[in-house]
file model34.cif (mmCIF, C-alpha atoms)
data_start
loop_
_atom_site.label_atom_id
_atom_site.label_comp_id
_atom_site.auth_asym_id
_atom_site.auth_seq_id
_atom_site.Cartn_x
_atom_site.Cartn_y
_atom_site.Cartn_z
CA ALA A 14 0.00 0.00 0.00
CA THR A 15 2.88 2.39 0.80
CA GLU A 16 4.54 1.68 -2.54
CA ILE A 17 1.32 2.42 -4.45
CA ALA A 18 0.78 5.68 -2.53
CA GLU A 19 4.33 6.80 -3.31
CA LYS A 20 3.96 5.84 -6.95
CA TYR A 21 0.96 8.16 -7.40
CA ASP A 22 2.22 10.86 -4.98
CA TYR A 23 -0.74 10.23 -2.69
CA GLU A 24 -0.33 11.60 0.85
CA GLY A 25 -3.81 10.97 2.24
CA GLY A 26 -5.08 8.18 4.46
CA LEU A 27 -5.65 4.59 3.47
CA LYS A 28 -8.37 2.15 4.45
CA ILE A 29 -7.35 -1.48 4.12
CA ILE A 30 -9.75 -4.39 4.47
CA ILE A 31 -8.23 -7.81 5.13
CA SER A 32 -10.56 -10.67 4.29
CA VAL A 33 -10.40 -14.42 3.74
CA PRO A 34 -12.59 -15.89 0.98
CA GLU A 35 -15.11 -18.34 2.47
CA GLY A 36 -13.60 -17.63 5.89
CA VAL A 37 -16.90 -18.20 7.69
CA GLU A 38 -17.27 -21.72 6.29
CA ILE A 39 -13.59 -22.54 6.77
CA GLY A 40 -13.79 -21.37 10.38
CA LYS A 41 -16.48 -23.96 11.13
CA LYS A 42 -13.93 -26.70 10.38
CA THR A 43 -11.38 -25.34 12.88
CA PHE A 44 -11.16 -25.39 16.68
CA ASN A 45 -12.47 -21.81 16.83
CA PRO A 46 -16.14 -22.60 17.53
CA ARG A 47 -15.03 -24.49 20.66
CA LEU A 48 -13.40 -21.25 21.81
CA GLY A 49 -16.45 -19.11 21.08
CA ILE A 50 -14.87 -17.58 17.94
CA VAL A 51 -17.48 -17.45 15.17
CA GLY A 52 -18.03 -15.54 11.94
CA GLY A 53 -14.68 -16.30 10.31
CA ILE A 54 -11.22 -17.70 10.92
CA SER A 55 -8.43 -16.45 13.16
CA ILE A 56 -5.51 -14.61 11.60
CA LEU A 57 -2.66 -15.09 14.05
CA GLY A 58 0.71 -13.45 14.46
CA THR A 59 2.13 -10.16 13.25
CA SER A 60 3.95 -11.29 10.14
CA GLY A 61 1.36 -13.62 8.69
CA ILE A 62 4.14 -16.12 8.04
CA VAL A 63 3.62 -19.68 9.26
CA GLU A 64 6.74 -21.71 9.89
CA PRO A 65 5.79 -25.40 9.79
CA MET A 66 7.64 -27.76 12.08
CA SER A 67 7.39 -31.53 12.31
CA GLU A 68 6.68 -33.24 15.63
CA ALA A 69 10.23 -34.57 15.75
CA ALA A 70 11.70 -31.14 15.01
CA LEU A 71 9.56 -29.55 17.71
CA VAL A 72 10.68 -32.05 20.33
CA GLN A 73 14.30 -31.62 19.28
CA SER A 74 14.06 -27.81 19.56
CA ILE A 75 12.75 -28.19 23.12
CA ARG A 76 15.59 -30.58 23.94
CA VAL A 77 18.20 -28.13 22.63
CA GLU A 78 16.77 -25.25 24.64
CA MET A 79 16.60 -27.34 27.82
CA LYS A 80 20.16 -28.58 27.29
CA GLN A 81 21.37 -25.00 26.89
CA HIS A 82 19.87 -23.95 30.23
CA PHE A 83 21.09 -27.10 31.99
CA SER A 84 24.64 -26.69 30.63
CA GLN A 85 24.69 -23.19 32.12
CA GLY A 86 24.23 -24.68 35.57
CA GLU A 87 20.45 -24.41 35.86
CA GLU A 88 19.54 -27.64 37.64
CA TYR A 89 15.97 -26.42 38.15
CA LEU A 90 14.13 -25.16 35.07
CA LEU A 91 11.48 -22.45 34.93
CA VAL A 92 9.19 -23.46 32.10
CA LEU A 93 6.44 -21.33 30.62
CA LYS A 94 3.47 -21.53 28.34
CA VAL A 95 2.09 -18.07 27.58
CA GLN A 96 0.14 -16.64 24.68
CA THR A 97 1.08 -13.36 23.02
CA GLU A 98 -1.95 -11.29 24.00
CA ASP A 99 -0.92 -8.19 25.96
CA GLN A 100 -3.15 -9.01 28.92
CA ASP A 101 -1.78 -12.53 29.08
CA LEU A 102 1.79 -11.21 29.08
CA VAL A 103 1.02 -8.75 31.88
CA ARG A 104 -0.24 -11.62 34.03
CA PHE A 105 2.80 -13.67 33.12
CA TYR A 106 5.34 -10.98 33.97
CA SER A 107 3.62 -10.34 37.32
CA ILE A 108 4.07 -14.03 38.14
CA LEU A 109 7.74 -13.94 37.13
CA THR A 110 8.23 -10.99 39.49
CA TYR A 111 6.46 -12.97 42.21
CA LEU A 112 8.96 -15.78 41.63
CA GLY A 113 11.91 -13.41 41.89
CA THR A 114 12.82 -12.91 38.24
CA ASN A 115 11.55 -10.81 35.35
CA HIS A 116 13.76 -12.19 32.63
CA VAL A 117 12.09 -14.32 29.97
CA GLN A 118 15.59 -15.57 29.13
CA ASP A 119 15.44 -17.51 32.41
CA CYS A 120 12.58 -19.59 31.02
CA VAL A 121 12.08 -22.46 28.61
CA ASP A 122 9.04 -22.52 26.31
CA PHE A 123 7.59 -26.02 26.33
CA ALA A 124 4.92 -25.54 23.64
CA GLN A 125 2.38 -28.33 24.29
CA ARG A 126 4.71 -31.18 25.24
CA PHE A 127 4.70 -31.61 29.01
CA HIS A 128 5.30 -35.35 28.91
CA GLU A 129 8.32 -35.33 26.64
CA MET A 130 9.85 -32.39 28.49
CA ILE A 131 9.60 -34.28 31.78
CA ASP A 132 11.15 -37.37 30.23
CA MET A 133 14.00 -35.35 28.70
CA ALA A 134 14.63 -33.54 31.99
CA ILE A 135 15.03 -36.86 33.81
CA ASP A 136 17.45 -38.14 31.16
CA MET A 137 19.54 -34.94 31.42
CA GLY A 138 19.77 -35.03 35.18
CA VAL A 139 17.60 -31.97 35.80
CA LYS A 140 16.54 -31.84 39.44
CA GLY A 141 13.20 -30.10 38.99
CA ILE A 142 10.81 -28.14 36.80
CA LEU A 143 8.40 -25.34 37.70
CA PHE A 144 5.73 -24.87 35.04
CA ILE A 145 3.93 -21.54 34.58
CA ALA A 146 0.90 -21.84 32.36
CA HIS A 147 -2.51 -20.49 31.43
CA ILE A 148 -5.32 -22.63 32.81
CA GLY A 149 -6.62 -23.17 29.28
CA LYS A 150 -3.64 -25.44 28.67
CA PHE A 151 -2.68 -26.80 32.06
CA VAL A 152 -6.17 -27.76 33.25
CA LYS A 153 -5.94 -30.73 30.89
CA VAL A 154 -3.04 -32.11 32.94
CA ALA A 155 -5.52 -32.57 35.81
CA ALA A 156 -7.03 -35.36 33.70
CA GLY A 157 -3.66 -36.91 32.91
CA ILE A 158 -3.50 -35.32 29.45
CA MET A 159 0.16 -34.49 28.90
CA ASN A 160 0.02 -33.39 25.27
CA THR A 161 -2.27 -30.40 25.55
CA HIS A 162 -2.56 -29.54 21.86
CA SER A 163 -6.22 -29.32 20.87
CA HIS A 164 -5.57 -31.85 18.08
CA SER A 165 -4.72 -34.47 20.71
CA ALA A 166 -7.34 -33.86 23.39
CA ASP A 167 -9.71 -31.31 24.83
CA ALA A 168 -11.35 -31.91 28.20
CA ARG A 169 -11.13 -28.41 29.68
CA MET A 170 -14.78 -28.04 30.64
CA GLU A 171 -15.16 -31.66 31.68
CA VAL A 172 -12.19 -31.34 34.04
CA LEU A 173 -13.44 -28.08 35.54
CA ALA A 174 -17.02 -29.34 35.88
CA SER A 175 -16.05 -32.61 37.56
CA ASN A 176 -13.71 -30.90 39.98
CA ALA A 177 -16.34 -28.28 40.77
CA ILE A 178 -18.64 -31.12 41.81
CA ARG A 179 -15.85 -32.61 43.91
CA ALA A 180 -15.51 -29.23 45.61
CA GLY A 181 -19.23 -29.18 46.43
CA ALA A 182 -20.66 -27.11 43.58
CA PRO A 183 -24.33 -27.68 42.68
CA LEU A 184 -25.17 -29.67 39.57
CA GLU A 185 -26.45 -26.53 37.82
CA CYS A 186 -23.00 -24.95 38.14
CA ALA A 187 -21.37 -27.98 36.52
CA LYS A 188 -23.90 -27.92 33.68
CA GLU A 189 -23.18 -24.25 32.98
CA ILE A 190 -19.43 -24.96 32.90
CA LEU A 191 -19.95 -27.78 30.40
CA ASN A 192 -21.71 -25.32 28.09
CA ALA A 193 -18.92 -22.72 28.37
CA SER A 194 -16.63 -22.06 25.40
CA THR A 195 -13.51 -20.84 27.22
CA THR A 196 -11.87 -21.39 30.58
CA ASP A 197 -12.25 -17.67 31.32
CA GLU A 198 -16.01 -18.05 30.83
CA ALA A 199 -15.97 -21.13 33.08
CA LEU A 200 -14.09 -19.17 35.76
CA ASP A 201 -16.76 -16.46 35.61
CA ILE A 202 -19.34 -19.16 36.34
CA LEU A 203 -17.29 -20.53 39.25
CA ASN A 204 -16.89 -17.01 40.62
CA ARG A 205 -20.65 -16.48 40.46
CA TYR A 206 -21.22 -19.66 42.46
CA GLN A 207 -18.30 -18.78 44.78
CA MET A 208 -16.63 -22.07 43.88
CA THR A 209 -13.39 -20.90 42.24
CA GLN A 210 -11.05 -21.46 45.18
CA GLY A 211 -12.40 -24.89 46.04
CA THR A 212 -12.45 -26.05 42.43
CA MET A 213 -8.92 -24.84 41.78
CA LYS A 214 -7.66 -26.70 44.83
CA GLU A 215 -9.09 -29.92 43.43
CA VAL A 216 -7.63 -29.19 39.98
CA LEU A 217 -4.19 -28.33 41.33
CA ASP A 218 -4.10 -31.44 43.54
CA ARG A 219 -4.72 -33.57 40.47
CA ILE A 220 -2.17 -31.70 38.39
CA GLN A 221 0.44 -32.44 41.04
CA PHE A 222 -0.61 -36.10 41.10
CA TYR A 223 -0.24 -36.54 37.34
CA LEU A 224 3.04 -34.65 37.18
CA ASN A 225 4.46 -36.96 39.86
CA HIS A 226 2.95 -39.99 38.14
CA ARG A 227 4.60 -39.09 34.84
CA SER A 228 8.03 -38.69 36.42
CA TYR A 229 7.62 -41.56 38.90
CA GLU A 230 8.68 -38.89 41.42
CA GLN A 231 12.26 -38.98 40.08
CA ILE A 232 12.43 -35.17 39.93
CA LEU A 233 10.68 -32.30 41.70
CA LEU A 234 7.75 -30.92 39.69
CA GLY A 235 5.33 -28.08 40.35
CA ALA A 236 3.02 -25.69 38.52
CA VAL A 237 1.71 -22.13 38.82
CA VAL A 238 -1.58 -21.57 36.98
CA PHE A 239 -3.13 -18.26 35.93
CA SER A 240 -5.85 -16.84 33.67
CA ASN A 241 -6.42 -13.63 31.76
CA THR A 242 -9.41 -12.55 33.83
CA CYS A 243 -8.41 -13.73 37.31
CA GLY A 244 -4.62 -13.58 37.15
CA TYR A 245 -2.92 -15.93 39.63
CA LEU A 246 -5.19 -18.92 40.31
CA GLY A 247 -2.94 -21.00 42.49
CA GLN A 248 -0.04 -23.43 42.56
CA THR A 249 0.49 -27.11 43.19
CA ALA A 250 1.72 -28.47 46.49
CA ASP A 251 5.37 -28.82 45.39
CA ALA A 252 5.59 -25.51 43.49
CA ALA A 253 6.94 -23.61 46.52
CA LYS A 254 9.88 -26.04 46.81
#
call {"tool": "encode", "arguments": {"input": "model34.cif", "output": "structure tokens"}}
result
Amino acid sequence: ATEIAEKYDYEGGLKIIISVPEGVEIGKKTFNPRLGIVGGISILGTSGIVEPMSEAALVQSIRVEMKQHFSQGEEYLLVLKVQTEDQDLVRFYSILTYLGTNHVQDCVDFAQRFHEMIDMAIDMGVKGILFIAHIGKFVKVAAGIMNTHSHSADARMEVLASNAIRAGAPLECAKEILNASTTDEALDILNRYQMTQGTMKEVLDRIQFYLNHRSYEQILLGAVVFSNTCGYLGQTADAAK
């Protein structure tokens, strides 16, 4: 657009419309409707360039990054999963400050691969991992789901609803959660029923159980969980260690 304006010596404003042909229909075939995104498809990123990576290449990139941190003397790894939305980053940085650091360089990005990261850490001799993650990803771990990519499994609402019942929530609360599209929406429901704290305790207890189960308690594992709307939601029993 800038080149065209310069070519014709145009110095006024420009209105640009970005559209995707048949985007509404294409969007119905994606994961977007499960997230409450309707009317088209998502256009992600700032460059618009998608860099494909095979499963093996992804795992290898995680291994290299972990090895780099471990070789620098970091026996305990701080591992994050954070989206790029500004609000999400604000929550994330506040948690880093709470943990005594504000340097993203201190962290490893684990993408969706909790299970393989834990296995690789054990093989390397890492002593422990502290995960920091949005509840939309990490709540799946409370059901023993260690590959949290939506292509592999999605039980976010089922996990929250079942643990709400365990915490004493009425059946109507669980039904509303099951009909929610996002974890933020589900948290709003829990807040309305005053069941957030109790439900999160149940969820975090199960996250700790499955982390320990995956590692056979060979290394120390913990997690800090947050959301966009509520910020810090809690941490597992071993996170403080």
call {"tool": "closest_residue", "arguments": {"input": "model34.cif", "among": "A:Thr195, A:Thr15, A:Ser240, A:Gln207", "to": "Ile148 in chain A", "atoms": "only C-alpha atoms"}}
result
A:Ser240
call {"tool": "residues_around", "arguments": {"input": "model34.cif", "residues": "Ala180 in chain A", "least_positions_apart": "2", "cutoff": "6 Å", "atoms": "only C-alpha atoms", "output": "PDB file with C-alpha atoms, in the frame of the given file"}}
result
ATOM      1  CA  ALA A 177     -16.340 -28.280  40.770  1.00  0.00           C
ATOM      2  CA  ILE A 178     -18.640 -31.120  41.810  1.00  0.00           C
ATOM      3  CA  ALA A 182     -20.660 -27.110  43.580  1.00  0.00           C
ATOM      4  CA  GLY A 211     -12.400 -24.890  46.040  1.00  0.00           C
ATOM      5  CA  THR A 212     -12.450 -26.050  42.430  1.00  0.00           C
TER       6      THR A 212
END
call {"tool": "resolve_selection", "arguments": {"input": "model34.cif", "expression": "the PyMOL selection byres ((chain A and resi 32-37) around 8)", "output": "list of chain:residue names"}}
result
A:Ile30, A:Ile31, A:Glu38, A:Ile39, A:Gly40, A:Lys41, A:Val51, A:Gly52, A:Gly53, A:Ile54
call {"tool": "closest_residue", "arguments": {"input": "model34.cif", "among": "A:Leu217, A:Leu191, A:Leu224, A:Ala250", "to": "Ile158 in chain A", "atoms": "all atoms listed in the file"}}
result
A:Leu224
call {"tool": "residues_around", "arguments": {"input": "model34.cif", "residues": "Met208 in chain A", "least_positions_apart": "2", "cutoff": "12 Å", "atoms": "all atoms listed in the file", "output": "list in words"}}
result
Leu173, Ala174, Asn176, Ala177, Ile178, Arg179, Ala180, Gly181, Ala182, Pro183, Cys186, Ala187, Ile190, Ala199, Leu200, Asp201, Ile202, Leu203, Asn204, Arg205, Tyr206, Gln210, Gly211, Thr212, Met213, Lys214 and Glu215 of chain A
call {"tool": "resolve_selection", "arguments": {"input": "model34.cif", "expression": "the PyMOL selection byres ((chain A and resi 231) around 10)", "output": "list in words"}}
result
Ile131, Ile135, Gly138, Val139, Lys140, Gly141, Asn225, His226, Arg227, Ser228, Tyr229, Glu230, Ile232, Leu233 and Leu234 of chain A
call {"tool": "write_last_selection", "arguments": {"input": "model34.cif", "atoms": "C-alpha atoms", "output": "short mmCIF file (atom, residue, chain, number, x, y, z; two decimals), in the frame of the given file"}}
result
data_model
loop_
_atom_site.label_atom_id
_atom_site.label_comp_id
_atom_site.auth_asym_id
_atom_site.auth_seq_id
_atom_site.Cartn_x
_atom_site.Cartn_y
_atom_site.Cartn_z
CA ILE A 131 9.60 -34.28 31.78
CA ILE A 135 15.03 -36.86 33.81
CA GLY A 138 19.77 -35.03 35.18
CA VAL A 139 17.60 -31.97 35.80
CA LYS A 140 16.54 -31.84 39.44
CA GLY A 141 13.20 -30.10 38.99
CA ASN A 225 4.46 -36.96 39.86
CA HIS A 226 2.95 -39.99 38.14
CA ARG A 227 4.60 -39.09 34.84
CA SER A 228 8.03 -38.69 36.42
CA TYR A 229 7.62 -41.56 38.90
CA GLU A 230 8.68 -38.89 41.42
CA ILE A 232 12.43 -35.17 39.93
CA LEU A 233 10.68 -32.30 41.70
CA LEU A 234 7.75 -30.92 39.69
#
call {"tool": "residues_near_point", "arguments": {"input": "model34.cif", "point": "(19.1, -32.4, 35.6)", "cutoff": "10 Å", "atoms": "only C-alpha atoms", "output": "list in words"}}
result
Met79, Lys80, Phe83, Ser84, Gly86, Glu87, Glu88, Tyr89, Leu90, Met133, Ala134, Ile135, Asp136, Met137, Gly138, Val139, Lys140, Gly141, Ile142 and Ile232 of chain A
call {"tool": "residues_around", "arguments": {"input": "model34.cif", "residues": "Ala155 in chain A", "least_positions_apart": "2", "cutoff": "6 Å", "atoms": "all atoms listed in the file", "output": "list in words"}}
result
Val152, Lys153, Gly157, Val216, Arg219 and Ile220 of chain A
call {"tool": "atom_distance", "arguments": {"input": "model34.cif", "atom1": "CA of Leu93 in chain A", "atom2": "CA of Phe144 in chain A"}}
result
5.7 Å
call {"tool": "residues_around", "arguments": {"input": "model34.cif", "residues": "Ile145 in chain A", "least_positions_apart": "6", "cutoff": "8 Å", "atoms": "all atoms listed in the file", "output": "list in words"}}
result
Leu91, Val92, Leu93, Lys94, Ala236, Val237, Val238 and Phe239 of chain A
call {"tool": "atom_distance", "arguments": {"input": "model34.cif", "atom1": "CA of Pro46 in chain A", "atom2": "CA of Glu171 in chain A"}}
result
16.8 Å
call {"tool": "atom_distance", "arguments": {"input": "model34.cif", "atom1": "CA of Arg76 in chain A", "atom2": "CA of Asp132 in chain A"}}
result
10.3 Å
